[in-house]
file query.txt (compact mmCIF, C-alpha atoms and all ligand atoms)
# COMPACT_ATOMS: atom_id res chain seq x y z
CA MET A 1 -103.28 91.27 -64.82
CA PRO A 2 -102.19 89.66 -61.58
CA LEU A 3 -104.28 90.47 -58.51
CA LYS A 4 -106.98 92.01 -60.71
CA LYS A 5 -109.83 90.61 -58.60
CA TYR A 6 -108.10 91.68 -55.40
CA LYS A 7 -107.67 95.27 -56.63
CA ALA A 8 -111.17 95.52 -58.10
CA LYS A 9 -112.77 94.83 -54.71
CA ARG A 10 -110.89 97.42 -52.70
CA LYS A 11 -110.52 101.21 -52.32
CA PHE A 12 -106.94 101.78 -51.28
CA ASN A 13 -107.57 105.42 -50.39
CA GLN A 14 -109.91 104.13 -47.66
CA SER A 15 -108.56 100.78 -46.54
CA PRO A 16 -105.13 100.27 -44.92
CA GLU A 17 -104.67 96.97 -46.81
CA PRO A 18 -101.62 96.67 -49.10
CA SER A 19 -102.24 97.51 -52.75
CA LEU A 20 -99.39 95.56 -54.35
CA SER A 21 -96.75 92.90 -53.90
CA SER A 22 -93.46 94.70 -53.48
CA LYS A 23 -91.34 91.73 -52.42
CA LYS A 24 -90.02 89.06 -54.68
CA SER A 25 -90.70 85.53 -53.58
CA ARG A 26 -87.84 84.15 -51.56
CA LYS A 27 -87.42 80.73 -50.04
CA PRO A 28 -88.56 79.39 -47.65
CA LEU A 29 -92.19 79.70 -48.68
CA GLN A 30 -94.38 81.60 -46.24
CA PHE A 31 -97.86 80.99 -44.89
CA VAL A 32 -100.18 83.11 -42.79
CA VAL A 33 -103.56 82.63 -41.13
CA GLN A 34 -105.44 85.86 -40.49
CA LYS A 35 -108.42 85.89 -38.16
CA HIS A 36 -110.89 88.26 -39.77
CA TYR A 37 -113.67 89.78 -37.70
CA ALA A 38 -115.79 90.60 -40.76
CA SER A 39 -119.62 90.43 -40.87
CA HIS A 40 -119.04 86.67 -40.61
CA LEU A 41 -116.00 85.72 -38.55
CA HIS A 42 -113.59 83.54 -40.53
CA TYR A 43 -109.95 82.60 -40.81
CA ASP A 44 -108.05 83.44 -44.00
CA PHE A 45 -105.51 80.76 -44.79
CA ARG A 46 -102.82 81.87 -47.25
CA LEU A 47 -99.91 80.06 -48.89
CA GLU A 48 -97.20 81.89 -50.81
CA MET A 49 -96.92 80.63 -54.38
CA HIS A 50 -95.18 82.41 -57.27
CA GLY A 51 -94.97 85.66 -55.33
CA VAL A 52 -98.65 85.92 -54.43
CA LEU A 53 -100.71 84.42 -51.63
CA LYS A 54 -103.11 81.66 -52.65
CA SER A 55 -106.03 82.21 -50.29
CA TRP A 56 -108.90 80.28 -48.69
CA ALA A 57 -111.53 81.56 -46.23
CA ILE A 58 -112.21 79.00 -43.50
CA PRO A 59 -115.45 79.79 -41.62
CA LYS A 60 -114.76 77.39 -38.72
CA GLY A 61 -111.00 77.89 -38.66
CA PRO A 62 -108.23 75.29 -38.93
CA SER A 63 -108.05 72.25 -36.66
CA MET A 64 -105.21 70.06 -35.42
CA ASN A 65 -107.58 67.06 -35.25
CA PRO A 66 -107.31 64.74 -38.29
CA HIS A 67 -111.02 63.87 -37.89
CA ASP A 68 -112.08 67.46 -38.62
CA LYS A 69 -112.61 68.49 -42.21
CA ARG A 70 -112.84 72.23 -42.39
CA LEU A 71 -114.54 73.91 -45.34
CA ALA A 72 -112.07 76.25 -47.05
CA VAL A 73 -113.50 78.51 -49.74
CA MET A 74 -110.90 79.58 -52.26
CA VAL A 75 -110.87 83.34 -52.74
CA GLU A 76 -108.88 85.72 -54.91
CA ASP A 77 -105.07 85.77 -54.78
CA HIS A 78 -103.73 88.33 -52.34
CA PRO A 79 -100.47 90.29 -52.68
CA TYR A 80 -97.44 88.84 -50.90
CA ASP A 81 -97.34 91.84 -48.56
CA TYR A 82 -100.76 90.92 -47.22
CA LYS A 83 -99.05 88.41 -44.93
CA ASP A 84 -97.93 91.36 -42.79
CA PHE A 85 -101.34 93.01 -42.66
CA GLU A 86 -102.95 93.52 -39.29
CA GLY A 87 -105.42 96.31 -38.89
CA THR A 88 -108.97 97.44 -39.28
CA ILE A 89 -110.68 97.70 -42.65
CA PRO A 90 -113.07 100.66 -42.28
CA PRO A 91 -116.87 100.28 -42.46
CA GLY A 92 -118.29 100.43 -45.98
CA ASN A 93 -115.23 98.73 -47.46
CA TYR A 94 -114.90 95.17 -48.74
CA GLY A 95 -114.23 92.85 -45.79
CA ALA A 96 -114.81 95.62 -43.22
CA GLY A 97 -113.60 94.59 -39.77
CA THR A 98 -110.43 93.85 -37.84
CA VAL A 99 -107.76 91.45 -39.10
CA ILE A 100 -105.17 89.88 -36.79
CA ILE A 101 -102.26 87.62 -37.71
CA TRP A 102 -103.49 84.50 -35.93
CA ASP A 103 -100.56 82.38 -37.10
CA GLU A 104 -97.66 82.63 -39.50
CA GLY A 105 -94.54 80.76 -40.48
CA THR A 106 -93.08 78.77 -43.32
CA TYR A 107 -94.34 75.79 -45.26
CA GLU A 108 -92.82 73.13 -47.43
CA PRO A 109 -94.18 70.62 -49.90
CA LEU A 110 -94.07 67.08 -48.47
CA ASN A 111 -91.62 65.90 -51.08
CA GLU A 112 -88.46 68.01 -51.11
CA LYS A 113 -88.17 67.58 -54.84
CA ILE A 114 -91.50 69.27 -55.39
CA THR A 115 -91.01 72.77 -56.71
CA GLU A 116 -93.39 75.71 -56.74
CA LYS A 117 -94.22 74.76 -60.32
CA ILE A 118 -95.44 71.33 -59.31
CA LEU A 119 -97.27 72.89 -56.37
CA SER A 120 -99.33 75.03 -58.71
CA LYS A 121 -100.08 71.95 -60.82
CA ASP A 122 -101.30 70.22 -57.65
CA LEU A 123 -103.44 73.29 -56.98
CA GLU A 124 -105.01 72.98 -60.42
CA GLN A 125 -105.65 69.30 -59.79
CA GLY A 126 -107.36 70.06 -56.51
CA HIS A 127 -104.98 68.39 -54.06
CA LEU A 128 -102.21 70.06 -52.09
CA SER A 129 -100.19 68.47 -49.28
CA PHE A 130 -97.69 70.45 -47.26
CA LYS A 131 -95.97 70.77 -43.91
CA LEU A 132 -96.50 73.92 -41.83
CA HIS A 133 -93.98 75.38 -39.41
CA GLY A 134 -96.02 77.93 -37.47
CA HIS A 135 -96.55 79.04 -33.87
CA LYS A 136 -99.91 77.30 -33.60
CA LEU A 137 -100.19 75.14 -36.72
CA ASN A 138 -97.50 72.53 -37.27
CA GLY A 139 -97.08 69.36 -39.24
CA GLU A 140 -98.71 67.96 -42.32
CA PHE A 141 -101.98 69.20 -43.80
CA SER A 142 -103.92 68.64 -47.01
CA LEU A 143 -106.17 70.95 -48.94
CA VAL A 144 -108.50 68.92 -51.13
CA LYS A 145 -111.04 70.31 -53.55
CA ILE A 146 -114.51 68.87 -52.98
CA LYS A 147 -115.62 66.64 -55.81
CA GLY A 148 -119.11 67.12 -57.15
CA ARG A 149 -121.17 69.06 -59.64
CA ASN A 150 -119.53 72.06 -61.26
CA TYR A 151 -116.18 70.79 -60.02
CA LYS A 152 -114.23 73.13 -62.26
CA ALA A 153 -116.11 76.27 -61.25
CA SER A 154 -116.34 75.32 -57.57
CA ASN A 155 -114.26 77.09 -54.93
CA SER A 156 -114.99 74.61 -52.15
CA TRP A 157 -112.06 72.80 -50.58
CA LEU A 158 -111.44 70.99 -47.30
CA LEU A 159 -108.49 71.62 -44.99
CA VAL A 160 -107.54 68.44 -43.13
CA LYS A 161 -104.77 67.75 -40.63
CA LYS A 162 -102.80 64.61 -41.36
CA ASN A 163 -102.15 62.12 -38.62
CA ASP A 164 -98.61 62.87 -37.46
CA GLU A 165 -96.84 63.72 -34.21
CA PHE A 166 -98.43 67.19 -34.18
CA ALA A 167 -102.03 65.93 -34.52
CA SER A 168 -104.08 66.69 -31.41
CA THR A 169 -107.62 67.20 -30.12
CA GLU A 170 -106.68 70.51 -28.50
CA ASP A 171 -109.01 73.31 -29.60
CA ILE A 172 -106.31 75.40 -31.24
CA LEU A 173 -108.76 78.26 -31.87
CA LYS A 174 -108.72 78.98 -28.14
CA ARG A 175 -105.25 80.38 -28.70
CA ASP A 176 -106.96 83.53 -29.73
CA VAL A 177 -104.34 86.27 -29.78
CA SER A 178 -102.28 87.62 -32.62
CA VAL A 179 -98.85 86.02 -32.91
CA ARG A 180 -97.55 89.56 -33.37
CA HIS A 181 -99.86 90.73 -30.64
CA ASP A 182 -100.80 94.31 -31.35
CA PRO A 183 -102.86 95.00 -28.19
CA SER A 184 -104.59 98.00 -29.74
CA LEU A 185 -106.31 95.65 -32.18
CA GLU A 186 -107.53 93.32 -29.45
CA LYS A 187 -109.74 96.16 -28.17
CA LYS A 188 -111.31 96.85 -31.54
CA LYS A 189 -112.59 93.30 -32.17
MN MN A 201 -111.25 87.60 -45.01
call {"tool": "encode", "arguments": {"input": "query.txt", "output": "structure tokens"}}
result
Amino acid sequence: MPLKKYKAKRKFNQSPEPSLSSKKSRKPLQFVVQKHYASHLHYDFRLEMHGVLKSWAIPKGPSMNPHDKRLAVMVEDHPYDYKDFEGTIPPGNYGAGTVIIWDEGTYEPLNEKITEKILSKDLEQGHLSFKLHGHKLNGEFSLVKIKGRNYKASNSWLLVKKNDEFASTEDILKRDVSVRHDPSLEKKK
């Protein structure tokens, strides 16, 4: 069953998070980065693929500096509708804390001929390269699975900015507000 892990972790009568993917995937492909003020602050990086959001939790957040390699822990697929979720997950629930949409936009595989099908093959092989068109994140990035013991079972990846015209040493995380900017959420953080 798709999204089985996602649904198993959550109580939808308590949490305002979406319970299913109602929208069919439409091009262009979407991405979202949600800043999640959970017990440990992290950034959830999500790429639309086959109608769900492939998801990684990035403890230190993304960087525009090609020298930074940011640990990205792959987590369960999230429903497509999750890209619109901003709100507060109540105490006692999985991932309790406030979520803001830190960045969002579209993404494309680096080679125009690459389809979603090939993208998911790349995902299986532990190497994805793509171009983001966001408000804060732009240009080419790679997600690379860390080689090592238990490679197959491991969820550890690295998010790395490629060296292109968007690369910069600016601390992008200082741009701290929601790109949709719901001021009521800023107070709850
Ligand atoms: Mn999270």
call {"tool": "closest_residue", "arguments": {"input": "query.txt", "among": "A:Leu158, A:Val52, A:Ile146, A:Ala38", "to": "ligand MN 201 (chain A)", "atoms": "all atoms listed in the file"}}
result
A:Ala38
call {"tool": "closest_residue", "arguments": {"input": "query.txt", "among": "A:Glu76, A:Asp81, A:Asp68, A:Glu86", "to": "Ala167 in chain A", "atoms": "all atoms listed in the file"}}
result
A:Asp68
call {"tool": "atom_distance", "arguments": {"input": "query.txt", "atom1": "CA of Phe85 in chain A", "atom2": "CA of Asp103 in chain A"}}
result
12.0 Å
call {"tool": "residues_near_ligand", "arguments": {"input": "query.txt", "ligand": "ligand MN 201 (chain A)", "cutoff": "12 Å", "atoms": "only C-alpha atoms and all ligand atoms", "output": "ChimeraX atom specification"}}
result
/A:6,17,33-46,55-59,61,72-78,82,85-86,88-89,94-101
call {"tool": "closest_residue", "arguments": {"input": "query.txt", "among": "A:Glu48, A:Glu165, A:Asp84, A:Glu124", "to": "Tyr151 in chain A", "atoms": "only C-alpha atoms"}}
result
A:Glu124
call {"tool": "atom_distance", "arguments": {"input": "query.txt", "atom1": "CA of Gly105 in chain A", "atom2": "CA of Phe141 in chain A"}}
result
14.1 Å
call {"tool": "residues_around", "arguments": {"input": "query.txt", "residues": "Pro62 in chain A", "least_positions_apart": "2", "cutoff": "8 Å", "atoms": "all atoms listed in the file", "output": "PyMOL selection string"}}
result
chain A and resi 43+58+60+64+70+159+172-173
call {"tool": "atom_distance", "arguments": {"input": "query.txt", "atom1": "CA of Gln30 in chain A", "atom2": "CA of Pro91 in chain A"}}
result
29.5 Å
call {"tool": "axis_aligned_box", "arguments": {"input": "query.txt", "around": "range 74-87 of chain A", "padding_each_side": "3 Å", "output": "AutoDock Vina command-line options"}}
result
--center_x -104.1 --center_y 87.9 --center_z -46.9 --size_x 19.6 --size_y 22.7 --size_z 22.0
call {"tool": "closest_residue", "arguments": {"input": "query.txt", "among": "A:Gly139, A:Gly92, A:Gly126, A:Gly51", "to": "Gln14 in chain A", "atoms": "all atoms listed in the file"}}
result
A:Gly92
call {"tool": "decode", "arguments": {"input": "query.txt", "residues": "range 97-185 of chain A", "atoms": "C-alpha atoms", "output": "PDB file, in the first residue's frame"}}
result
ATOM      1  CA  GLY A  97       6.019  20.937  16.433  1.00  0.00           C
ATOM      2  CA  THR A  98       5.530  23.700  13.902  1.00  0.00           C
ATOM      3  CA  VAL A  99       6.183  23.232  10.185  1.00  0.00           C
ATOM      4  CA  ILE A 100       6.744  26.161   7.816  1.00  0.00           C
ATOM      5  CA  ILE A 101       7.223  26.091   4.051  1.00  0.00           C
ATOM      6  CA  TRP A 102      10.799  27.342   3.991  1.00  0.00           C
ATOM      7  CA  ASP A 103      11.112  27.043   0.215  1.00  0.00           C
ATOM      8  CA  GLU A 104       9.153  25.614  -2.679  1.00  0.00           C
ATOM      9  CA  GLY A 105       9.192  25.557  -6.444  1.00  0.00           C
ATOM     10  CA  THR A 106       9.776  23.234  -9.344  1.00  0.00           C
ATOM     11  CA  TYR A 107      12.636  20.927 -10.226  1.00  0.00           C
ATOM     12  CA  GLU A 108      13.895  19.238 -13.330  1.00  0.00           C
ATOM     13  CA  PRO A 109      16.301  16.412 -14.030  1.00  0.00           C
ATOM     14  CA  LEU A 110      19.568  17.718 -15.499  1.00  0.00           C
ATOM     15  CA  ASN A 111      19.038  15.925 -18.767  1.00  0.00           C
ATOM     16  CA  GLU A 112      15.741  16.884 -20.389  1.00  0.00           C
ATOM     17  CA  LYS A 113      15.364  13.398 -21.767  1.00  0.00           C
ATOM     18  CA  ILE A 114      15.332  11.934 -18.287  1.00  0.00           C
ATOM     19  CA  THR A 115      11.833  10.906 -17.309  1.00  0.00           C
ATOM     20  CA  GLU A 116      10.364  10.243 -13.887  1.00  0.00           C
ATOM     21  CA  LYS A 117      10.972   6.561 -14.544  1.00  0.00           C
ATOM     22  CA  ILE A 118      14.698   7.074 -14.945  1.00  0.00           C
ATOM     23  CA  LEU A 119      14.668   9.376 -11.928  1.00  0.00           C
ATOM     24  CA  SER A 120      13.363   6.587  -9.734  1.00  0.00           C
ATOM     25  CA  LYS A 121      16.037   4.271 -11.135  1.00  0.00           C
ATOM     26  CA  ASP A 122      18.636   6.889 -10.174  1.00  0.00           C
ATOM     27  CA  LEU A 123      17.056   6.977  -6.725  1.00  0.00           C
ATOM     28  CA  GLU A 124      17.479   3.215  -6.405  1.00  0.00           C
ATOM     29  CA  GLN A 125      21.091   3.534  -7.520  1.00  0.00           C
ATOM     30  CA  GLY A 126      21.760   6.177  -4.905  1.00  0.00           C
ATOM     31  CA  HIS A 127      22.527   9.181  -7.106  1.00  0.00           C
ATOM     32  CA  LEU A 128      20.120  11.927  -8.128  1.00  0.00           C
ATOM     33  CA  SER A 129      21.042  15.164  -9.899  1.00  0.00           C
ATOM     34  CA  PHE A 130      18.501  17.885 -10.528  1.00  0.00           C
ATOM     35  CA  LYS A 131      17.991  21.601 -10.980  1.00  0.00           C
ATOM     36  CA  LEU A 132      15.830  23.513  -8.484  1.00  0.00           C
ATOM     37  CA  HIS A 133      13.803  26.611  -9.283  1.00  0.00           C
ATOM     38  CA  GLY A 134      12.835  27.917  -5.847  1.00  0.00           C
ATOM     39  CA  HIS A 135      12.708  31.224  -3.974  1.00  0.00           C
ATOM     40  CA  LYS A 136      15.825  30.446  -1.945  1.00  0.00           C
ATOM     41  CA  LEU A 137      17.310  27.330  -3.541  1.00  0.00           C
ATOM     42  CA  ASN A 138      18.267  27.535  -7.201  1.00  0.00           C
ATOM     43  CA  GLY A 139      20.502  25.701  -9.586  1.00  0.00           C
ATOM     44  CA  GLU A 140      21.966  22.234  -9.672  1.00  0.00           C
ATOM     45  CA  PHE A 141      22.141  19.885  -6.697  1.00  0.00           C
ATOM     46  CA  SER A 142      22.988  16.238  -6.132  1.00  0.00           C
ATOM     47  CA  LEU A 143      21.693  13.779  -3.599  1.00  0.00           C
ATOM     48  CA  VAL A 144      24.169  10.952  -3.178  1.00  0.00           C
ATOM     49  CA  LYS A 145      23.723   7.925  -0.971  1.00  0.00           C
ATOM     50  CA  ILE A 146      26.675   7.402   1.364  1.00  0.00           C
ATOM     51  CA  LYS A 147      28.656   4.310   0.507  1.00  0.00           C
ATOM     52  CA  GLY A 148      29.625   2.007   3.333  1.00  0.00           C
ATOM     53  CA  ARG A 149      28.463  -0.930   5.390  1.00  0.00           C
ATOM     54  CA  ASN A 150      24.824  -1.909   5.084  1.00  0.00           C
ATOM     55  CA  TYR A 151      24.601   0.230   1.964  1.00  0.00           C
ATOM     56  CA  LYS A 152      21.282  -1.268   0.923  1.00  0.00           C
ATOM     57  CA  ALA A 153      19.589  -0.778   4.283  1.00  0.00           C
ATOM     58  CA  SER A 154      21.129   2.638   4.916  1.00  0.00           C
ATOM     59  CA  ASN A 155      19.068   5.819   4.698  1.00  0.00           C
ATOM     60  CA  SER A 156      22.027   8.197   4.780  1.00  0.00           C
ATOM     61  CA  TRP A 157      22.519  10.515   1.828  1.00  0.00           C
ATOM     62  CA  LEU A 158      24.355  13.791   1.241  1.00  0.00           C
ATOM     63  CA  LEU A 159      22.835  16.882  -0.358  1.00  0.00           C
ATOM     64  CA  VAL A 160      25.480  18.855  -2.246  1.00  0.00           C
ATOM     65  CA  LYS A 161      25.217  22.052  -4.277  1.00  0.00           C
ATOM     66  CA  LYS A 162      26.926  21.861  -7.649  1.00  0.00           C
ATOM     67  CA  ASN A 163      29.261  24.601  -8.730  1.00  0.00           C
ATOM     68  CA  ASP A 164      27.165  26.779 -11.040  1.00  0.00           C
ATOM     69  CA  GLU A 165      26.145  30.427 -11.305  1.00  0.00           C
ATOM     70  CA  PHE A 166      23.860  30.068  -8.268  1.00  0.00           C
ATOM     71  CA  ALA A 167      26.555  28.653  -5.959  1.00  0.00           C
ATOM     72  CA  SER A 168      27.353  31.027  -3.102  1.00  0.00           C
ATOM     73  CA  THR A 169      28.759  31.226   0.420  1.00  0.00           C
ATOM     74  CA  GLU A 170      25.705  33.140   1.656  1.00  0.00           C
ATOM     75  CA  ASP A 171      24.158  31.469   4.703  1.00  0.00           C
ATOM     76  CA  ILE A 172      20.823  30.753   3.062  1.00  0.00           C
ATOM     77  CA  LEU A 173      19.351  29.501   6.354  1.00  0.00           C
ATOM     78  CA  LYS A 174      19.317  33.097   7.590  1.00  0.00           C
ATOM     79  CA  ARG A 175      16.408  33.615   5.235  1.00  0.00           C
ATOM     80  CA  ASP A 176      14.275  32.209   7.948  1.00  0.00           C
ATOM     81  CA  VAL A 177      10.677  33.012   7.089  1.00  0.00           C
ATOM     82  CA  SER A 178       8.077  30.947   5.319  1.00  0.00           C
ATOM     83  CA  VAL A 179       7.843  31.646   1.595  1.00  0.00           C
ATOM     84  CA  ARG A 180       4.085  31.676   2.122  1.00  0.00           C
ATOM     85  CA  HIS A 181       4.575  33.627   5.306  1.00  0.00           C
ATOM     86  CA  ASP A 182       1.774  32.766   7.661  1.00  0.00           C
ATOM     87  CA  PRO A 183       2.646  35.188  10.502  1.00  0.00           C
ATOM     88  CA  SER A 184       0.564  33.270  13.036  1.00  0.00           C
ATOM     89  CA  LEU A 185       3.007  30.372  12.726  1.00  0.00           C
TER      90      LEU A 185
END
